[in-house]
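Structure data (CSV, C-alpha atoms) from run-v7.csv:
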chain,number,residue,atom,x,y,z
A,1,MET,CA,-22.5,113.4,52.6
A,2,PRO,CA,-22.7,109.7,53.3
A,3,ASN,CA,-25.6,107.4,52.6
A,4,SER,CA,-28.7,108.0,54.8
A,5,LEU,CA,-28.4,104.4,56.1
A,6,PRO,CA,-24.8,103.3,56.5
A,7,LEU,CA,-26.1,101.0,59.2
A,8,ARG,CA,-25.9,97.8,57.2
A,9,ARG,CA,-26.1,94.5,59.0
A,10,ARG,CA,-22.8,93.0,60.1
A,11,CYS,CA,-22.1,89.6,61.6
A,12,PRO,CA,-22.6,89.8,65.4
A,13,PHE,CA,-20.0,87.0,66.2
A,14,PRO,CA,-16.6,88.5,67.1
A,15,GLU,CA,-14.7,85.5,65.6
A,16,CYS,CA,-16.1,86.1,62.1
A,17,PRO,CA,-13.4,87.1,59.7
A,18,SER,CA,-15.6,89.9,58.4
A,19,ASN,CA,-15.3,91.7,61.8
A,20,ALA,CA,-11.5,91.6,61.6
A,21,GLY,CA,-11.5,93.4,58.3
A,22,GLN,CA,-10.2,90.5,56.3
A,23,VAL,CA,-13.3,90.2,54.0
A,24,GLU,CA,-16.4,92.3,53.4
A,25,PRO,CA,-19.5,91.4,55.5
A,26,ARG,CA,-22.1,89.3,53.6
A,27,VAL,CA,-25.3,88.9,55.6
A,28,VAL,CA,-28.4,87.7,53.8
A,29,ARG,CA,-31.9,86.5,54.8
A,30,HIS,CA,-32.0,82.9,55.8
A,31,SER,CA,-35.3,81.7,57.3
A,32,THR,CA,-38.1,82.6,59.8
A,33,TYR,CA,-39.1,81.3,63.2
A,34,MET,CA,-42.1,81.7,65.5
A,35,THR,CA,-42.2,83.6,68.8
A,36,ARG,CA,-44.9,84.7,71.1
A,37,ARG,CA,-45.0,88.1,69.3
A,38,GLY,CA,-45.2,86.5,65.9
A,39,ARG,CA,-42.9,85.4,63.1
A,40,ARG,CA,-39.3,86.6,63.2
A,41,ARG,CA,-36.5,86.5,60.7
A,42,ARG,CA,-33.2,84.7,60.9
A,43,MET,CA,-30.1,86.0,59.0
A,44,LEU,CA,-27.1,84.1,57.6
A,45,CYS,CA,-23.5,85.2,57.4
A,46,LYS,CA,-22.1,84.0,54.2
A,47,VAL,CA,-18.5,84.4,55.6
A,48,CYS,CA,-18.7,82.2,58.7
A,49,GLY,CA,-21.8,80.3,57.8
A,50,ARG,CA,-23.6,80.9,61.1
A,51,THR,CA,-27.2,82.0,61.5
A,52,PHE,CA,-28.6,84.5,64.0
A,53,SER,CA,-31.7,86.4,64.8
A,54,THR,CA,-32.0,90.0,63.7
A,55,THR,CA,-32.0,91.3,67.3
A,56,LEU,CA,-28.7,89.7,68.3
A,57,GLY,CA,-26.3,92.4,69.3
A,58,THR,CA,-29.0,95.0,69.8
A,59,PRO,CA,-31.1,96.3,72.7
A,60,TYR,CA,-34.0,94.2,71.4
A,61,TYR,CA,-32.3,90.9,72.1
A,62,ARG,CA,-34.5,88.7,74.4
A,63,LEU,CA,-36.7,91.6,75.2
A,64,ARG,CA,-39.9,89.6,75.9
A,65,ARG,CA,-41.9,92.6,74.7
A,66,SER,CA,-42.4,94.2,71.3
A,67,ARG,CA,-39.9,96.5,69.8
A,68,ASN,CA,-42.6,99.2,69.5
A,69,GLU,CA,-43.1,99.2,73.3
A,70,PHE,CA,-39.3,99.6,73.8
A,71,ASP,CA,-39.2,102.5,71.4
A,72,GLU,CA,-42.2,104.2,72.9
A,73,THR,CA,-40.7,103.8,76.4
A,74,MET,CA,-37.4,105.4,75.3
A,75,ARG,CA,-39.3,108.3,73.6
A,76,MET,CA,-41.2,109.0,76.9
A,77,GLN,CA,-37.8,109.0,78.6
A,78,VAL,CA,-36.4,111.7,76.3
A,79,GLU,CA,-39.5,113.8,76.5
A,80,GLY,CA,-39.1,114.4,80.2
A,81,LEU,CA,-41.4,111.8,81.9
A,82,PRO,CA,-40.1,110.4,85.2
A,83,GLN,CA,-39.4,106.7,85.5
A,84,ALA,CA,-42.4,106.1,87.7
A,85,ALA,CA,-44.8,107.9,85.3
A,86,ILE,CA,-43.5,105.8,82.4
A,87,ALA,CA,-44.1,102.6,84.4
A,88,ARG,CA,-47.6,103.7,85.1
A,89,VAL,CA,-48.4,104.5,81.5
A,90,LYS,CA,-46.8,101.4,80.1
A,91,GLN,CA,-48.1,99.2,82.9
A,92,MET,CA,-44.8,97.7,83.9
A,93,THR,CA,-42.5,98.0,86.9
A,94,PRO,CA,-40.1,100.9,87.4
A,95,SER,CA,-37.2,98.5,87.5
A,96,THR,CA,-38.0,97.3,84.0
A,97,VAL,CA,-38.0,100.8,82.7
A,98,GLY,CA,-34.6,101.3,84.4
A,99,ARG,CA,-33.1,98.2,82.8
A,100,TRP,CA,-34.4,99.2,79.4
A,101,ARG,CA,-32.9,102.7,79.8
A,102,GLU,CA,-29.6,101.2,80.8
A,103,ARG,CA,-29.6,98.9,77.8
A,104,ALA,CA,-30.6,101.6,75.4
A,105,ALA,CA,-28.1,104.1,76.8
A,106,GLN,CA,-25.2,101.7,76.3
A,107,HIS,CA,-26.2,101.1,72.7
A,108,MET,CA,-26.7,104.8,72.0
A,109,ALA,CA,-23.3,105.6,73.5
A,110,LEU,CA,-21.7,103.1,71.1
A,111,PHE,CA,-23.7,104.5,68.1
A,112,THR,CA,-22.6,108.1,69.0
A,113,ARG,CA,-19.0,107.1,69.4
A,114,ASP,CA,-18.9,105.5,65.9
A,115,HIS,CA,-20.9,108.1,64.0
A,116,LEU,CA,-20.4,111.5,65.7
A,117,ALA,CA,-17.7,113.6,64.0
A,118,LEU,CA,-17.3,117.3,63.4
A,119,ARG,CA,-16.2,117.9,59.8
A,120,ASP,CA,-15.0,121.5,60.1
A,121,PRO,CA,-15.9,123.0,63.5
A,122,VAL,CA,-16.2,126.8,63.5
A,123,GLU,CA,-17.3,127.7,67.0
A,124,LEU,CA,-17.4,125.4,70.1
A,125,GLN,CA,-19.1,126.3,73.3
A,126,MET,CA,-18.7,124.6,76.7
A,127,ASP,CA,-20.6,125.0,79.9
A,128,GLU,CA,-21.7,123.1,83.0
A,129,LEU,CA,-25.1,122.5,84.5
A,130,ARG,CA,-25.7,121.8,88.2
A,131,ALA,CA,-27.7,118.6,88.6
A,132,HIS,CA,-30.2,119.1,91.4
A,133,GLY,CA,-32.0,116.2,92.9
A,134,THR,CA,-29.2,113.7,92.8
A,135,GLY,CA,-28.7,113.7,96.6
A,136,ASN,CA,-25.3,115.3,95.9
A,137,ASP,CA,-25.1,119.0,94.9
A,138,ARG,CA,-21.6,118.5,93.7
A,139,THR,CA,-22.8,116.6,90.6
A,140,TRP,CA,-22.5,118.7,87.4
A,141,VAL,CA,-23.2,118.0,83.7
A,142,TYR,CA,-20.5,119.1,81.2
A,143,SER,CA,-21.9,119.9,77.8
A,144,GLY,CA,-20.2,120.9,74.5
A,145,LEU,CA,-21.9,122.3,71.5
A,146,GLU,CA,-20.7,123.0,67.9
A,147,VAL,CA,-22.7,126.1,67.1
A,148,TRP,CA,-23.0,125.9,63.3
A,149,SER,CA,-24.4,122.4,63.2
A,150,ARG,CA,-25.9,122.4,66.7
A,151,LEU,CA,-24.2,119.1,67.3
A,152,TRP,CA,-24.0,118.1,71.0
A,153,SER,CA,-20.3,117.2,70.8
A,154,GLY,CA,-19.3,116.5,74.4
A,155,LEU,CA,-20.9,115.1,77.6
A,156,ARG,CA,-19.6,114.3,81.0
A,157,VAL,CA,-21.4,113.8,84.3
A,158,GLY,CA,-19.5,114.1,87.6
A,159,ASN,CA,-18.0,116.5,90.2
A,160,ARG,CA,-16.5,119.7,88.9
A,161,THR,CA,-12.9,118.5,89.2
A,162,LEU,CA,-9.7,118.7,87.2
A,163,ARG,CA,-10.0,115.1,86.1
A,164,ASN,CA,-13.6,115.4,84.9
A,165,THR,CA,-12.8,118.6,83.1
A,166,ALA,CA,-9.9,117.0,81.3
A,167,LEU,CA,-11.9,114.0,80.3
A,168,PHE,CA,-14.7,116.2,79.0
A,169,VAL,CA,-12.4,118.4,76.9
A,170,ARG,CA,-10.6,115.4,75.5
A,171,GLY,CA,-13.9,114.0,74.5
A,172,VAL,CA,-14.8,117.2,72.6
A,173,ARG,CA,-11.4,117.2,71.0
A,174,ALA,CA,-11.7,113.6,69.9
A,175,VAL,CA,-14.6,114.4,67.6
A,176,CYS,CA,-12.8,117.3,65.9
A,177,PRO,CA,-10.7,116.7,62.8
A,178,PRO,CA,-6.9,116.6,63.3
A,179,THR,CA,-6.4,119.2,60.5
A,180,GLY,CA,-8.3,122.3,59.5
A,181,ALA,CA,-8.8,125.9,60.6
A,182,PRO,CA,-8.5,126.4,64.4
A,183,PRO,CA,-12.0,126.9,65.9
A,184,LEU,CA,-13.2,129.5,68.3
A,185,VAL,CA,-13.8,127.9,71.7
A,186,THR,CA,-15.7,129.7,74.4
A,187,SER,CA,-16.6,128.9,78.0
A,188,ASP,CA,-17.1,130.4,81.4
A,189,GLU,CA,-14.3,131.2,83.9
A,190,GLN,CA,-14.3,127.8,85.5
A,191,LYS,CA,-10.8,127.4,87.0
A,192,TYR,CA,-9.9,124.1,85.4
A,193,TYR,CA,-10.6,125.0,81.8
A,194,GLU,CA,-7.5,127.0,81.2
A,195,PRO,CA,-4.8,124.5,82.2
A,196,VAL,CA,-6.7,121.7,80.5
A,197,MET,CA,-7.1,123.6,77.3
A,198,ARG,CA,-3.4,124.5,77.3
A,199,ASN,CA,-2.4,120.9,77.6
A,200,THR,CA,-4.9,118.9,75.6
A,201,PHE,CA,-6.9,120.8,72.9
A,202,GLY,CA,-4.3,122.0,70.4
A,203,PRO,CA,-4.4,125.1,68.2
A,204,CYS,CA,-7.5,127.2,68.7
A,205,ALA,CA,-8.7,130.6,69.8
A,206,TYR,CA,-9.9,130.0,73.4
A,207,VAL,CA,-12.0,132.8,75.0
A,208,GLN,CA,-13.4,132.9,78.6
A,209,LEU,CA,-16.4,135.0,79.5
A,210,ASN,CA,-17.3,136.6,82.8
A,211,ASN,CA,-21.0,137.2,82.7
A,212,ARG,CA,-22.4,139.8,85.2
A,213,TYR,CA,-26.1,139.4,86.0
A,214,ALA,CA,-28.7,141.9,87.3
A,215,ARG,CA,-32.3,141.0,87.9
A,216,GLY,CA,-32.0,137.6,86.2
A,217,ARG,CA,-30.4,139.0,83.0
A,218,ILE,CA,-26.9,139.4,81.7
A,219,LEU,CA,-25.8,142.9,82.3
A,220,ARG,CA,-22.3,142.7,80.8
A,221,SER,CA,-19.9,140.1,79.5
A,222,ASP,CA,-16.2,140.6,79.9
A,223,VAL,CA,-14.2,138.8,77.2
A,224,ARG,CA,-10.7,137.5,77.9
A,225,LEU,CA,-8.6,135.8,75.2
A,226,VAL,CA,-6.8,133.0,76.9
A,227,LEU,CA,-5.2,131.0,74.1
A,228,GLY,CA,-4.2,132.0,70.6
A,229,PRO,CA,-2.9,135.2,69.1
A,230,ASP,CA,-5.2,138.1,68.2
A,231,TRP,CA,-5.1,137.3,64.4
A,232,ARG,CA,-6.3,133.8,65.1
A,233,PHE,CA,-9.2,135.1,67.2
A,234,GLU,CA,-10.2,137.6,64.5
A,235,ALA,CA,-10.0,134.9,61.8
A,236,ALA,CA,-12.2,132.5,63.9
A,237,MET,CA,-14.8,135.3,64.4
A,238,ALA,CA,-14.8,136.1,60.7
A,239,ARG,CA,-15.7,132.4,60.0
A,240,SER,CA,-18.6,132.4,62.5
A,241,GLU,CA,-22.0,132.8,60.9
A,242,ASP,CA,-24.0,132.8,64.2
A,243,SER,CA,-22.1,135.0,66.7
A,244,ARG,CA,-21.2,138.6,66.3
A,245,ARG,CA,-19.1,138.5,69.5
A,246,PRO,CA,-18.0,135.6,71.8
A,247,ASN,CA,-20.8,134.1,73.9
A,248,THR,CA,-22.1,130.9,75.5
A,249,ALA,CA,-25.8,131.5,74.6
A,250,TYR,CA,-26.2,128.4,72.4
A,251,VAL,CA,-24.8,125.9,74.9
A,252,GLU,CA,-26.9,127.6,77.6
A,253,ARG,CA,-29.9,127.1,75.4
A,254,LEU,CA,-28.9,123.4,75.3
A,255,ASN,CA,-28.8,123.4,79.1
A,256,LEU,CA,-32.4,124.7,79.1
A,257,TYR,CA,-33.4,121.9,76.7
A,258,THR,CA,-31.7,119.4,79.0
A,259,ARG,CA,-33.6,120.5,82.0
A,260,ARG,CA,-36.9,120.3,80.2
A,261,ALA,CA,-36.2,116.9,78.5
A,262,CYS,CA,-34.6,115.0,81.4
A,263,SER,CA,-36.7,114.5,84.5
A,264,TYR,CA,-33.6,114.0,86.7
A,265,VAL,CA,-32.4,117.6,86.3
A,266,HIS,CA,-35.8,119.4,86.6
A,267,ARG,CA,-35.5,122.2,89.2
A,268,ARG,CA,-38.4,120.8,91.2
A,269,THR,CA,-38.9,117.2,90.5
A,270,SER,CA,-40.6,114.3,92.2
A,271,GLY,CA,-38.4,111.8,90.4
A,272,ARG,CA,-35.3,112.1,92.5
A,273,MET,CA,-32.2,110.2,91.5
A,274,ARG,CA,-29.9,108.4,93.9
A,275,LYS,CA,-26.9,107.8,91.7
A,276,PRO,CA,-25.1,110.0,89.1
A,277,GLN,CA,-24.8,106.9,86.8
A,278,LEU,CA,-28.5,107.0,86.2
A,279,LEU,CA,-28.2,110.6,85.1
A,280,ALA,CA,-25.4,109.7,82.8
A,281,GLN,CA,-27.5,107.0,81.2
A,282,ALA,CA,-30.5,109.3,80.7
A,283,LEU,CA,-28.4,112.1,79.2
A,284,GLU,CA,-26.5,109.7,76.8
A,285,LEU,CA,-29.9,108.6,75.5
A,286,LEU,CA,-31.0,112.2,75.2
A,287,ARG,CA,-27.9,113.2,73.4
A,288,GLY,CA,-28.3,110.6,70.7
A,289,TYR,CA,-32.0,111.6,70.3
A,290,TYR,CA,-31.0,115.3,70.1
A,291,ASN,CA,-28.3,114.7,67.5
A,292,PHE,CA,-29.8,112.1,65.2
A,293,ILE,CA,-33.6,111.9,65.6
A,294,ARG,CA,-35.1,115.2,66.7
A,295,PRO,CA,-35.3,118.0,64.0
A,296,HIS,CA,-33.9,121.3,65.4
A,297,ALA,CA,-36.2,124.3,65.1
A,298,SER,CA,-33.3,126.7,64.2
A,299,LEU,CA,-32.2,124.4,61.3
A,300,ARG,CA,-35.2,125.0,59.1
A,301,PHE,CA,-34.5,125.5,55.4
A,302,GLY,CA,-37.6,126.0,53.4
A,303,ARG,CA,-39.9,123.0,54.1
A,304,VAL,CA,-37.1,120.9,55.5
A,305,THR,CA,-36.1,121.0,59.2
A,306,ARG,CA,-32.8,119.3,59.7
A,307,THR,CA,-31.4,117.4,62.6
A,308,PRO,CA,-27.9,118.4,63.9
A,309,ALA,CA,-26.5,115.3,62.3
A,310,MET,CA,-28.0,116.3,58.9
A,311,GLN,CA,-26.6,119.8,59.3
A,312,GLY,CA,-23.2,118.4,60.2
A,313,GLY,CA,-23.1,116.2,57.1
A,314,LEU,CA,-23.4,112.9,58.9
A,315,PHE,CA,-26.8,111.7,57.5
A,316,LYS,CA,-29.1,112.7,54.7
A,317,ARG,CA,-32.3,112.4,56.8
A,318,ALA,CA,-33.5,112.1,60.4
A,319,LEU,CA,-33.1,108.6,61.9
A,320,SER,CA,-35.5,106.8,64.2
A,321,PHE,CA,-35.1,104.8,67.4
A,322,ARG,CA,-35.7,101.6,65.4
A,323,GLU,CA,-32.9,102.3,63.0
A,324,ILE,CA,-30.4,103.2,65.7
A,325,PHE,CA,-31.3,100.3,68.0
A,326,SER,CA,-31.2,97.8,65.1
A,327,TRP,CA,-27.6,98.8,64.3
A,328,VAL,CA,-25.1,96.2,65.4
A,329,PRO,CA,-21.8,97.6,66.9
A,330,GLY,CA,-18.4,96.2,66.2
A,331,PRO,CA,-17.2,93.3,68.3
A,332,ASP,CA,-14.5,95.3,70.1
A,333,ARG,CA,-17.1,97.7,71.5
A,334,ARG,CA,-20.1,95.5,72.0
A,335,PRO,CA,-21.5,95.4,75.6
A,336,ALA,CA,-21.7,92.2,77.5
A,337,PRO,CA,-24.7,90.0,76.5
A,338,VAL,CA,-27.7,90.1,78.7
A,339,LYS,CA,-28.1,86.9,80.8
A,340,MET,CA,-31.6,85.6,81.3
A,341,LEU,CA,-32.5,83.6,84.4
A,342,PRO,CA,-34.7,80.6,84.0
A,343,ARG,CA,-38.3,80.9,85.0
A,344,GLY,CA,-38.8,80.4,88.7
A,345,ALA,CA,-35.2,81.3,89.6
A,346,GLN,CA,-34.5,83.9,92.2

Rewrite the structure from the file as structure tokens, please.
Amino acid sequence: MPNSLPLRRRCPFPECPSNAGQVEPRVVRHSTYMTRRGRRRRMLCKVCGRTFSTTLGTPYYRLRRSRNEFDETMRMQVEGLPQAAIARVKQMTPSTVGRWRERAAQHMALFTRDHLALRDPVELQMDELRAHGTGNDRTWVYSGLEVWSRLWSGLRVGNRTLRNTALFVRGVRAVCPPTGAPPLVTSDEQKYYEPVMRNTFGPCAYVQLNNRYARGRILRSDVRLVLGPDWRFEAAMARSEDSRRPNTAYVERLNLYTRRACSYVHRRTSGRMRKPQLLAQALELLRGYYNFIRPHASLRFGRVTRTPAMQGGLFKRALSFREIFSWVPGPDRRPAPVKMLPRGAQ
């Protein structure tokens, strides 16, 4: 298991030789400077000799408010509060909350892309969630879950089309190791899964389920082995510690958590959303919170309750918003800097 904080400071300037892999990063404390919020620290890169503030390259850069307020706002976002309610509580405009969420979601997506990896996936479940309240009933949320670690391994927001299904499955496959025992993959009978799985996923035991409901409950589940021989399916089931038979119960439980924690997909919500991009931002932020920050109730071992990232061997302890938002991404994946207008400009 890696160190609990492999988020050491790197030089935020792309032209620095340390970002090209030529030399090791060497960032040290340099001096302090005064702001309206108090004294701040400046850092020095011993490789290129340039100084910079500790917030350069992070969502905190030129924030004009404290980092605690930013973290509290994002926590309210992932706890299911609508944007207007957050603005009323924090006494700011809803547009400010939206800009902060966009900035935080971009950073969280980069952090997830660099740190999320499945070491030895045993059972993967995939499902879709209809996003009500978007003004477009064709918007769906694709979610993938690795059952043993409870890692939210894949996310895609869009129409239920062949292209979106392919992009989603490729995203799930990208976090899986190139070698190892073939996992068990389960999903519903959505028509695009079978051709995409045949062309993109590789060796696995892929099973589709046809759930038949009666009075709001599953009456019977018909199992159909789509990809892989019978012996591979039996070997994958023998490795599974959570499921006695193929199911999608764990990813459906994730869908329930998504509905509760994201105001945009509440079944009856007053915080309607006009664009699916806003839903994608909110869910990307929620996904990082679910994987790296929030302890999972089903991952309790004695007095310790682990996060999915801890269970998956990515970190030794739960992270915080401050640690994730203080991490500086590589120069090739860094979002465009935020441009600030001078005071009085329209």

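CA of Arg26 in chain A is positioned 14.6 Å from CA of Pro14 in chain A.
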
- What gap, in Å, lies between CA of Tyr60 in chain A and CA of Phe325 in chain A?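 Value for the CA of Tyr60 in chain A-CA of Phe325 in chain A distance: 7.5 Å.
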
- Using all atoms listed in the file: which of A:Asn164, A:Val185, A:Ser240, A:Val251 has the shortest distance to Leu225 in chain A: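 Closest to Leu225 in chain A, using all atoms listed in the file: A:Val185.
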
- Selected residue, from A:Met126, A:Lys275, A:Ala205, A:Ser31, that lies nearest to Phe168 in chain A when counting all atoms listed in the file: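 Closest to Phe168 in chain A of all the choices is A:Met126.
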
- Message: For a quick check of understanding, using all atoms listed in the file, which of A:Leu81, A:Leu145, A:Trp100, A:Cys45 has the smallest distance to Arg62 in chain A?
- Response: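 Selected residue with least distance to Arg62 in chain A: A:Trp100.
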
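Take CA of Ala235 in chain A and CA of Leu184 in chain A: the distance between them is 9.0 Å.
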
- Message: From the options A:Lys191, A:Arg150, A:Arg88, A:Lys46, which residue's atoms come nearest to Arg306 in chain A, counting all atoms listed in the file?
- Response: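 Distance minimum relative to Arg306 in chain A lands on A:Arg150.
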
With a distance cut-off of 9 Å and all atoms listed in the file, select the neighbouring residues of Gly313 in chain A, excluding the residue or stretch itself and same-chain residues fewer than 2 positions from it, and output the selection as an mmCIF file with C-alpha atoms, keeping the file's coordinate frame.
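Contents of out35.cif, as written:
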data_model
loop_
_atom_site.group_PDB
_atom_site.id
_atom_site.type_symbol
_atom_site.label_atom_id
_atom_site.label_comp_id
_atom_site.auth_asym_id
_atom_site.auth_seq_id
_atom_site.Cartn_x
_atom_site.Cartn_y
_atom_site.Cartn_z
ATOM 1 C CA MET A 1 -22.500 113.400 52.600
ATOM 2 C CA PRO A 2 -22.700 109.700 53.300
ATOM 3 C CA LEU A 118 -17.300 117.300 63.400
ATOM 4 C CA ARG A 119 -16.200 117.900 59.800
ATOM 5 C CA SER A 149 -24.400 122.400 63.200
ATOM 6 C CA PRO A 308 -27.900 118.400 63.900
ATOM 7 C CA ALA A 309 -26.500 115.300 62.300
ATOM 8 C CA MET A 310 -28.000 116.300 58.900
ATOM 9 C CA GLN A 311 -26.600 119.800 59.300
ATOM 10 C CA PHE A 315 -26.800 111.700 57.500
ATOM 11 C CA LYS A 316 -29.100 112.700 54.700
#

- Message: Let me make sure I understand: among A:Arg36, A:His266, A:Arg99, A:Arg29, which one has the smallest atom-to-atom distance to Arg65 in chain A if we use all atoms listed in the file?
- Response: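 Nearest to Arg65 in chain A: A:Arg36.
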
- Task: Kindly provide, as an MDAnalysis selection string, the polymer residues lying within 12 Å of (-33.5, 103.2, 75.8), counting all atoms listed in the file and using the coordinates exactly as they appear in the file.
- Result: chainID A and resid 58:60 67:78 83 96:109 281:289 321:322 324:325

- Task: Show which residues sit within 12 Å of Asp230 in chain A, as a list in words. Count all atoms listed in the file, and ignore same-chain residues fewer than 6 positions away.
- Result: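 Here the qualifying residues turn out to be Leu184, Cys204, Ala205, Tyr206, Val207, Arg224, Ala236 and Met237 of chain A.
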
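The closest residue to Tyr142 in chain A, picked from A:Thr179, A:Gln190, A:Thr51, A:Asn247 and counting only C-alpha atoms, is A:Gln190.
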
- Message: Excluding Glu252 in chain A and its own-chain neighbours fewer than 4 positions away, which residues fall within 10 Å of it when counting only C-alpha atoms? Please give them as a ChimeraX atom specification.
- Response: /A:125-129,143-145,247-248,256-258

Long-range neighbours of Trp148 in chain A as a PDB file with C-alpha atoms, keeping the file's coordinate frame, 10 Å cut-off, all atoms listed in the file, 3 positions minimum in chain:
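The new file part.pdb reads:
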ATOM      1  CA  ASP A 120     -15.000 121.500  60.100  1.00  0.00           C
ATOM      2  CA  PRO A 121     -15.900 123.000  63.500  1.00  0.00           C
ATOM      3  CA  VAL A 122     -16.200 126.800  63.500  1.00  0.00           C
ATOM      4  CA  GLU A 123     -17.300 127.700  67.000  1.00  0.00           C
ATOM      5  CA  LEU A 124     -17.400 125.400  70.100  1.00  0.00           C
ATOM      6  CA  LEU A 145     -21.900 122.300  71.500  1.00  0.00           C
ATOM      7  CA  LEU A 151     -24.200 119.100  67.300  1.00  0.00           C
ATOM      8  CA  SER A 240     -18.600 132.400  62.500  1.00  0.00           C
ATOM      9  CA  GLU A 241     -22.000 132.800  60.900  1.00  0.00           C
ATOM     10  CA  ASP A 242     -24.000 132.800  64.200  1.00  0.00           C
ATOM     11  CA  SER A 243     -22.100 135.000  66.700  1.00  0.00           C
ATOM     12  CA  TYR A 250     -26.200 128.400  72.400  1.00  0.00           C
ATOM     13  CA  LEU A 299     -32.200 124.400  61.300  1.00  0.00           C
ATOM     14  CA  PRO A 308     -27.900 118.400  63.900  1.00  0.00           C
ATOM     15  CA  GLN A 311     -26.600 119.800  59.300  1.00  0.00           C
ATOM     16  CA  GLY A 312     -23.200 118.400  60.200  1.00  0.00           C
TER      17      GLY A 312
END

- Message: Which residues are close to Thr139 in chain A, i.e. within 8 Å by all atoms listed in the file, leaving aside same-chain residues fewer than 6 positions away? Reply as a ChimeraX atom specification.
- Response: /A:130-132,157-160,276

- Task: May I have the protein, DNA and RNA residues with an atom at most 7 Å from (-11.0, 129.8, 78.5), counting only C-alpha atoms in the file's coordinates, returned as a list of chain:residue names?
- Result: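 Collected hits near the coordinates: A:Thr186, A:Ser187, A:Asp188, A:Glu189, A:Tyr193, A:Glu194, A:Tyr206, A:Val207, A:Gln208, A:Val226.
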
Would you mind exporting C-alpha atoms of the selected residues as a tab-separated table (two decimals), in the frame of the given file?
chain	number	residue	atom	x	y	z
A	186	THR	CA	-15.70	129.70	74.40
A	187	SER	CA	-16.60	128.90	78.00
A	188	ASP	CA	-17.10	130.40	81.40
A	189	GLU	CA	-14.30	131.20	83.90
A	193	TYR	CA	-10.60	125.00	81.80
A	194	GLU	CA	-7.50	127.00	81.20
A	206	TYR	CA	-9.90	130.00	73.40
A	207	VAL	CA	-12.00	132.80	75.00
A	208	GLN	CA	-13.40	132.90	78.60
A	226	VAL	CA	-6.80	133.00	76.90

Where atoms are missing, can you supply N, CA, C and O atoms for range 47-57 of chain A and output the lot as a short mmCIF file (atom, residue, chain, number, x, y, z; two decimals), in the coordinates of the input?
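File written: part17.cif
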data_model
loop_
_atom_site.label_atom_id
_atom_site.label_comp_id
_atom_site.auth_asym_id
_atom_site.auth_seq_id
_atom_site.Cartn_x
_atom_site.Cartn_y
_atom_site.Cartn_z
N VAL A 47 -19.99 84.53 55.32
CA VAL A 47 -18.50 84.40 55.60
C VAL A 47 -18.25 83.27 56.52
O VAL A 47 -17.43 82.40 56.24
N CYS A 48 -18.93 83.28 57.70
CA CYS A 48 -18.70 82.20 58.70
C CYS A 48 -19.72 81.13 58.67
O CYS A 48 -19.53 80.10 59.32
N GLY A 49 -20.82 81.32 57.94
CA GLY A 49 -21.80 80.30 57.80
C GLY A 49 -22.73 80.11 59.00
O GLY A 49 -23.46 79.11 59.08
N ARG A 50 -22.79 81.06 59.92
CA ARG A 50 -23.60 80.90 61.10
C ARG A 50 -24.90 81.76 60.91
O ARG A 50 -24.90 82.79 60.23
N THR A 51 -25.98 81.29 61.53
CA THR A 51 -27.20 82.00 61.50
C THR A 51 -27.51 82.67 62.82
O THR A 51 -27.00 82.24 63.86
N PHE A 52 -28.34 83.71 62.81
CA PHE A 52 -28.60 84.50 64.00
C PHE A 52 -29.92 85.23 63.81
O PHE A 52 -30.34 85.48 62.68
N SER A 53 -30.53 85.63 64.91
CA SER A 53 -31.70 86.40 64.80
C SER A 53 -31.36 87.89 64.53
O SER A 53 -30.24 88.33 64.79
N THR A 54 -32.32 88.64 64.02
CA THR A 54 -32.00 90.00 63.70
C THR A 54 -31.81 90.92 64.87
O THR A 54 -31.28 92.02 64.72
N THR A 55 -32.18 90.46 66.07
CA THR A 55 -32.00 91.30 67.30
C THR A 55 -30.73 91.00 68.02
O THR A 55 -30.44 91.68 69.01
N LEU A 56 -29.96 90.00 67.60
CA LEU A 56 -28.70 89.70 68.30
C LEU A 56 -27.74 90.83 68.19
O LEU A 56 -27.46 91.33 67.10
N GLY A 57 -27.20 91.26 69.32
CA GLY A 57 -26.30 92.40 69.30
C GLY A 57 -26.95 93.75 69.44
O GLY A 57 -26.29 94.78 69.34
#
